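Asks: A single structure is presented below for examination.
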Amino acid sequence: GNSVTQMEGPVTLSEEAFLTINCTYTATGYPSLFWYVQYPGEGLQLLLKATKADDKGSNKGFEAIYRKETTSFHLEKGSVQVSDSAVYFCALSGNTPLVFGKGTRLSVIA
Amino acid sequence: GAVVSQHPSRVICKSGTSVKIECRSLDFQATTMFWYRQFPKQSLMLMATSNEGSKATYEQGVEKDKFLINHASLTLSTLTVTSAHPEDSSFYICSAYLGSTDTQYFGPGTRLTVL
């Protein structure tokens, strides 16, 4: 079945540091790939998505590239801010409900 | 666009009572909505898939008689926790699926506390 593996957290970075959160997937067919972000006490917000190989999703300085050859969708940001502190979930979907990774907690300190 | 609301955002109830949580897609129609449960510092656990006009599909291990789901319209799904017990205390999150974007949009969640 489909599955998503993302790097274990927590990740702690200083403000303006470079962020990478790794995400790899196993799927049949051609799923869409997503990154969602969850701020404390809130639901999930769609951060970015990509629907086919080599697509780049980007939003708020974050970006991820759908790599079919490595089955990866790593999340990157060049310069993180304290306000980026949250839990990030990688997910995939085709014709089935979303399959989530376990989430990576990011803490950014000033 | 693609906004999903949940009501209430927080509810405290006594053991043995029933609680209804509403999930609405505000600016789009959703034939499919999903209900999730999230434990502290964990990922989301899919409880059921709610399809408009038909019975919900429950995940293995989720009691359908305890967690009643009704998808009465293309913009509203409800989750009723019947005869709630303290172990039902959790954060419940719904999502609505927009087919044109192949994307699920999530509500802000409902914190349920059963005393």
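Ligands are numbered from 1 in the order shown, residues from 1 within each chain, and chains are lettered A, B, ... in the order they appear in the structure tokens.
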For chain A, list the residues within 12 Å of chain B, counting only C-alpha atoms, and write the list as a PyMOL selection string.

Replies: chain A and resi 4+6+8-10+31-52+86-105

Asks: Taking 5 positions as the minimum chain separation for residues in the same chain, which residues sit within 6 Å of Cys23 of chain A when counting only C-alpha atoms? Answer as a PyMOL selection string.

Replies: chain A and resi 5-6+72-74

Asks: What is the distance, in Å and to one decimal place, between atom CA of Pro40 of chain B and atom CA of Lys60 of chain A?

Replies: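 Atom CA of Lys60 of chain A lies 26.8 Å from atom CA of Pro40 of chain B.
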
Asks: Do you know which residues are at most 10 Å from Val19 of chain B counting only C-alpha atoms, after dropping those on the same chain fewer than 5 positions away, and could you put them as a PDB file with all heavy atoms, in the first residue's frame?

Replies:
ATOM      1  N   PRO B   8     -18.287  22.923  17.355  1.00  0.00           N
ATOM      2  CA  PRO B   8     -17.563  24.001  18.050  1.00  0.00           C
ATOM      3  C   PRO B   8     -16.055  23.809  17.955  1.00  0.00           C
ATOM      4  O   PRO B   8     -15.589  22.771  17.523  1.00  0.00           O
ATOM      5  CB  PRO B   8     -18.044  23.834  19.496  1.00  0.00           C
ATOM      6  CG  PRO B   8     -18.276  22.366  19.622  1.00  0.00           C
ATOM      7  CD  PRO B   8     -18.802  21.907  18.287  1.00  0.00           C
ATOM      8  N   VAL B  11     -15.184  21.826  23.212  1.00  0.00           N
ATOM      9  CA  VAL B  11     -16.365  21.395  23.951  1.00  0.00           C
ATOM     10  C   VAL B  11     -15.949  20.519  25.124  1.00  0.00           C
ATOM     11  O   VAL B  11     -15.064  19.676  24.990  1.00  0.00           O
ATOM     12  CB  VAL B  11     -17.368  20.665  23.023  1.00  0.00           C
ATOM     13  CG1 VAL B  11     -16.729  19.468  22.331  1.00  0.00           C
ATOM     14  CG2 VAL B  11     -18.615  20.263  23.769  1.00  0.00           C
ATOM     15  N   ILE B  12     -16.604  20.779  26.244  1.00  0.00           N
ATOM     16  CA  ILE B  12     -16.408  19.975  27.445  1.00  0.00           C
ATOM     17  C   ILE B  12     -17.752  19.358  27.796  1.00  0.00           C
ATOM     18  O   ILE B  12     -18.759  20.065  27.839  1.00  0.00           O
ATOM     19  CB  ILE B  12     -15.890  20.832  28.608  1.00  0.00           C
ATOM     20  CG1 ILE B  12     -14.556  21.480  28.240  1.00  0.00           C
ATOM     21  CG2 ILE B  12     -15.732  19.980  29.875  1.00  0.00           C
ATOM     22  CD1 ILE B  12     -14.066  22.499  29.277  1.00  0.00           C
ATOM     23  N   CYS B  13     -17.786  18.063  27.997  1.00  0.00           N
ATOM     24  CA  CYS B  13     -19.057  17.417  28.312  1.00  0.00           C
ATOM     25  C   CYS B  13     -18.855  16.379  29.411  1.00  0.00           C
ATOM     26  O   CYS B  13     -17.729  15.982  29.721  1.00  0.00           O
ATOM     27  CB  CYS B  13     -19.653  16.763  27.080  1.00  0.00           C
ATOM     28  SG  CYS B  13     -18.731  15.350  26.464  1.00  0.00           S
ATOM     29  N   LYS B  14     -19.968  15.945  29.977  1.00  0.00           N
ATOM     30  CA  LYS B  14     -19.932  14.929  31.011  1.00  0.00           C
ATOM     31  C   LYS B  14     -19.953  13.537  30.386  1.00  0.00           C
ATOM     32  O   LYS B  14     -20.527  13.334  29.301  1.00  0.00           O
ATOM     33  CB  LYS B  14     -21.120  15.084  31.965  1.00  0.00           C
ATOM     34  CG  LYS B  14     -21.083  16.345  32.796  1.00  0.00           C
ATOM     35  CD  LYS B  14     -22.280  16.395  33.752  1.00  0.00           C
ATOM     36  CE  LYS B  14     -22.230  17.642  34.616  1.00  0.00           C
ATOM     37  NZ  LYS B  14     -23.403  17.699  35.534  1.00  0.00           N
ATOM     38  N   PHE B  67     -19.309   6.560  16.860  1.00  0.00           N
ATOM     39  CA  PHE B  67     -18.977   7.754  16.098  1.00  0.00           C
ATOM     40  C   PHE B  67     -19.896   7.799  14.869  1.00  0.00           C
ATOM     41  O   PHE B  67     -19.593   7.247  13.816  1.00  0.00           O
ATOM     42  CB  PHE B  67     -17.503   7.742  15.686  1.00  0.00           C
ATOM     43  CG  PHE B  67     -16.547   7.726  16.836  1.00  0.00           C
ATOM     44  CD1 PHE B  67     -15.949   6.546  17.258  1.00  0.00           C
ATOM     45  CD2 PHE B  67     -16.236   8.907  17.509  1.00  0.00           C
ATOM     46  CE1 PHE B  67     -15.059   6.535  18.330  1.00  0.00           C
ATOM     47  CE2 PHE B  67     -15.348   8.907  18.580  1.00  0.00           C
ATOM     48  CZ  PHE B  67     -14.757   7.721  18.993  1.00  0.00           C
ATOM     49  N   LEU B  79     -20.197  14.797  12.877  1.00  0.00           N
ATOM     50  CA  LEU B  79     -19.691  13.667  13.648  1.00  0.00           C
ATOM     51  C   LEU B  79     -20.325  13.755  15.024  1.00  0.00           C
ATOM     52  O   LEU B  79     -20.179  14.775  15.696  1.00  0.00           O
ATOM     53  CB  LEU B  79     -18.164  13.726  13.763  1.00  0.00           C
ATOM     54  CG  LEU B  79     -17.514  12.794  14.782  1.00  0.00           C
ATOM     55  CD1 LEU B  79     -17.662  11.339  14.344  1.00  0.00           C
ATOM     56  CD2 LEU B  79     -16.024  13.129  14.963  1.00  0.00           C
ATOM     57  N   THR B  80     -21.050  12.724  15.417  1.00  0.00           N
ATOM     58  CA  THR B  80     -21.637  12.675  16.743  1.00  0.00           C
ATOM     59  C   THR B  80     -20.952  11.593  17.555  1.00  0.00           C
ATOM     60  O   THR B  80     -20.945  10.423  17.146  1.00  0.00           O
ATOM     61  CB  THR B  80     -23.154  12.389  16.682  1.00  0.00           C
ATOM     62  OG1 THR B  80     -23.800  13.401  15.906  1.00  0.00           O
ATOM     63  CG2 THR B  80     -23.762  12.370  18.072  1.00  0.00           C
ATOM     64  N   VAL B  81     -20.363  12.009  18.666  1.00  0.00           N
ATOM     65  CA  VAL B  81     -19.745  11.061  19.591  1.00  0.00           C
ATOM     66  C   VAL B  81     -20.817  10.692  20.605  1.00  0.00           C
ATOM     67  O   VAL B  81     -21.259  11.537  21.389  1.00  0.00           O
ATOM     68  CB  VAL B  81     -18.519  11.676  20.286  1.00  0.00           C
ATOM     69  CG1 VAL B  81     -17.859  10.651  21.197  1.00  0.00           C
ATOM     70  CG2 VAL B  81     -17.538  12.209  19.263  1.00  0.00           C
ATOM     71  N   THR B  82     -21.283   9.467  20.558  1.00  0.00           N
ATOM     72  CA  THR B  82     -22.372   9.046  21.423  1.00  0.00           C
ATOM     73  C   THR B  82     -21.846   8.447  22.717  1.00  0.00           C
ATOM     74  O   THR B  82     -20.786   7.803  22.726  1.00  0.00           O
ATOM     75  CB  THR B  82     -23.268   8.021  20.714  1.00  0.00           C
ATOM     76  OG1 THR B  82     -22.489   6.841  20.443  1.00  0.00           O
ATOM     77  CG2 THR B  82     -23.817   8.569  19.414  1.00  0.00           C
ATOM     78  N   SER B  83     -22.571   8.686  23.809  1.00  0.00           N
ATOM     79  CA  SER B  83     -22.199   8.153  25.116  1.00  0.00           C
ATOM     80  C   SER B  83     -20.696   8.327  25.351  1.00  0.00           C
ATOM     81  O   SER B  83     -19.947   7.358  25.521  1.00  0.00           O
ATOM     82  CB  SER B  83     -22.580   6.680  25.203  1.00  0.00           C
ATOM     83  OG  SER B  83     -22.364   6.181  26.520  1.00  0.00           O
ATOM     84  N   ALA B  84     -20.282   9.566  25.322  1.00  0.00           N
ATOM     85  CA  ALA B  84     -18.853   9.872  25.387  1.00  0.00           C
ATOM     86  C   ALA B  84     -18.244   9.435  26.724  1.00  0.00           C
ATOM     87  O   ALA B  84     -18.887   9.503  27.782  1.00  0.00           O
ATOM     88  CB  ALA B  84     -18.640  11.363  25.178  1.00  0.00           C
ATOM     89  N   LEU B 112     -12.228  18.079  22.132  1.00  0.00           N
ATOM     90  CA  LEU B 112     -13.261  17.467  22.968  1.00  0.00           C
ATOM     91  C   LEU B 112     -12.646  16.986  24.274  1.00  0.00           C
ATOM     92  O   LEU B 112     -11.663  16.239  24.254  1.00  0.00           O
ATOM     93  CB  LEU B 112     -13.915  16.285  22.254  1.00  0.00           C
ATOM     94  CG  LEU B 112     -14.858  15.413  23.091  1.00  0.00           C
ATOM     95  CD1 LEU B 112     -16.054  16.221  23.579  1.00  0.00           C
ATOM     96  CD2 LEU B 112     -15.321  14.194  22.299  1.00  0.00           C
ATOM     97  N   VAL B 114     -13.911  15.085  27.749  1.00  0.00           N
ATOM     98  CA  VAL B 114     -14.999  14.378  28.429  1.00  0.00           C
ATOM     99  C   VAL B 114     -14.617  14.192  29.886  1.00  0.00           C
ATOM    100  O   VAL B 114     -13.580  13.580  30.185  1.00  0.00           O
ATOM    101  CB  VAL B 114     -15.289  13.024  27.760  1.00  0.00           C
ATOM    102  CG1 VAL B 114     -16.501  12.358  28.429  1.00  0.00           C
ATOM    103  CG2 VAL B 114     -15.532  13.191  26.273  1.00  0.00           C
TER     104      VAL B 114
END

Asks: Measure the distance from atom CA of Leu13 of chain A to atom CA of Lys77 of chain A in Å and round it to one decimal.

Replies: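 Between atom CA of Leu13 of chain A and atom CA of Lys77 of chain A the gap works out to 11.8 Å.
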
Asks: Excluding Thr70 of chain A and any residue of its chain fewer than 3 positions from it, enumerate the residues within 10 Å of it, using only C-alpha atoms, and give them as JSON, numbers by chain.

Replies: {"A": [24, 25, 66, 67, 73]}

Asks: Identify, on the basis of only C-alpha atoms, every residue whose closest approach to Ala17 of chain A does not exceed 7 Å; exclude the query and any residue fewer than 4 positions from it along the same chain; express the result as a compact mmCIF listing (two decimals) with N, CA, C and O atoms, in the first residue's frame.

Replies:
# COMPACT_ATOMS: atom_id res chain seq x y z
N LEU A 13 16.23 25.05 14.90
CA LEU A 13 17.12 25.88 14.08
C LEU A 13 17.13 27.31 14.60
O LEU A 13 16.15 27.76 15.22
N GLY A 78 14.95 28.63 2.54
CA GLY A 78 16.28 29.19 2.61
C GLY A 78 16.60 29.91 3.91
O GLY A 78 17.74 29.93 4.37
N SER A 79 15.58 30.50 4.54
CA SER A 79 15.83 31.31 5.73
C SER A 79 14.58 31.25 6.61
O SER A 79 13.58 31.91 6.32
N VAL A 80 14.65 30.45 7.66
CA VAL A 80 13.46 30.27 8.49
C VAL A 80 13.29 31.41 9.48
O VAL A 80 14.25 32.10 9.85

Asks: Atom CA of Ile69 of chain B to atom CA of Arg10 of chain B: how many Å, to one decimal?

Replies: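 Distance between the two atoms: 18.7 Å.
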
Asks: Write down as number ranges by chain the residues of segment 23-102 of chain A whose backbone DSSP state falls under strand (DSSP E).

Replies: A: 23-26, 32-38, 44-50, 56-59, 62-65, 75-77, 86-93, 99-100

Asks: Ser14 of chain A: which residues within 7 Å, counting only C-alpha atoms, same-chain residues fewer than 2 positions away excluded, as a CSV table (one decimal) with all heavy atoms, in the first residue's frame?

Replies:
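Heads up, here's the output in around32.csv:
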chain,number,residue,atom,x,y,z
A,16,GLU,N,16.9,32.4,10.4
A,16,GLU,CA,17.6,32.6,9.2
A,16,GLU,C,18.4,31.4,8.7
A,16,GLU,O,19.1,31.5,7.7
A,16,GLU,CB,18.6,33.8,9.2
A,16,GLU,CG,17.8,35.1,9.5
A,16,GLU,CD,18.7,36.4,9.5
A,16,GLU,OE1,19.9,36.2,9.2
A,16,GLU,OE2,18.1,37.5,9.7
A,17,ALA,N,18.3,30.3,9.4
A,17,ALA,CA,19.0,29.1,9.0
A,17,ALA,C,18.3,28.4,7.8
A,17,ALA,O,17.1,28.7,7.6
A,17,ALA,CB,19.1,28.1,10.2
A,108,VAL,N,12.0,27.2,15.8
A,108,VAL,CA,13.0,28.2,15.3
A,108,VAL,C,13.2,29.2,16.5
A,108,VAL,O,12.2,29.7,17.0
A,108,VAL,CB,12.5,28.9,14.1
A,108,VAL,CG1,13.5,29.9,13.6
A,108,VAL,CG2,12.2,27.9,13.0
A,109,ILE,N,14.5,29.3,16.8
A,109,ILE,CA,14.8,30.2,18.0
A,109,ILE,C,15.5,31.5,17.5
A,109,ILE,O,16.2,31.5,16.5
A,109,ILE,CB,15.6,29.5,19.0
A,109,ILE,CG1,16.9,28.9,18.4
A,109,ILE,CG2,14.8,28.4,19.7
A,109,ILE,CD1,17.8,28.2,19.4
A,110,ALA,N,15.1,32.6,18.1
A,110,ALA,CA,15.7,33.9,17.7
A,110,ALA,C,17.1,34.0,18.1
A,110,ALA,O,17.6,33.4,19.1
A,110,ALA,CB,14.8,35.0,18.3

Asks: Using only C-alpha atoms, pick whichever of A:Val11, A:Ile65, A:Ala53, A:Leu75 has the shortest atom-to-atom distance to Leu106 of chain A.

Replies: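 Of A:Val11, A:Ile65, A:Ala53, A:Leu75, the one nearest Leu106 of chain A is A:Val11, counting only C-alpha atoms.
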
Asks: Can you tell me, as an mmCIF file with N, CA and C atoms, in the first residue's frame, what residues are no more than 9 Å from Ala2 of chain B when counting only C-alpha atoms, ignoring any on the same chain fewer than 5 positions away?

Replies:
data_model
loop_
_atom_site.group_PDB
_atom_site.id
_atom_site.type_symbol
_atom_site.label_atom_id
_atom_site.label_comp_id
_atom_site.auth_asym_id
_atom_site.auth_seq_id
_atom_site.Cartn_x
_atom_site.Cartn_y
_atom_site.Cartn_z
ATOM 1 N N SER B 25 -17.881 23.047 4.447
ATOM 2 C CA SER B 25 -17.075 23.671 3.397
ATOM 3 C C SER B 25 -17.798 24.968 3.015
ATOM 4 N N LEU B 26 -17.119 26.093 3.202
ATOM 5 C CA LEU B 26 -17.791 27.394 3.115
ATOM 6 C C LEU B 26 -17.920 27.923 1.693
ATOM 7 N N ASP B 27 -16.980 27.593 0.832
ATOM 8 C CA ASP B 27 -17.016 28.200 -0.501
ATOM 9 C C ASP B 27 -16.853 27.182 -1.621
ATOM 10 N N PHE B 28 -17.093 25.918 -1.313
ATOM 11 C CA PHE B 28 -17.083 24.907 -2.354
ATOM 12 C C PHE B 28 -17.930 23.718 -1.898
ATOM 13 N N ALA B 96 -12.335 18.455 3.823
ATOM 14 C CA ALA B 96 -13.248 18.362 2.679
ATOM 15 C C ALA B 96 -12.418 18.275 1.409
ATOM 16 N N LEU B 98 -11.742 18.651 -2.496
ATOM 17 C CA LEU B 98 -12.127 19.399 -3.687
ATOM 18 C C LEU B 98 -11.537 18.684 -4.898
ATOM 19 N N TYR B 105 -8.884 20.017 2.127
ATOM 20 C CA TYR B 105 -8.755 21.249 2.907
ATOM 21 C C TYR B 105 -9.308 20.982 4.297
#
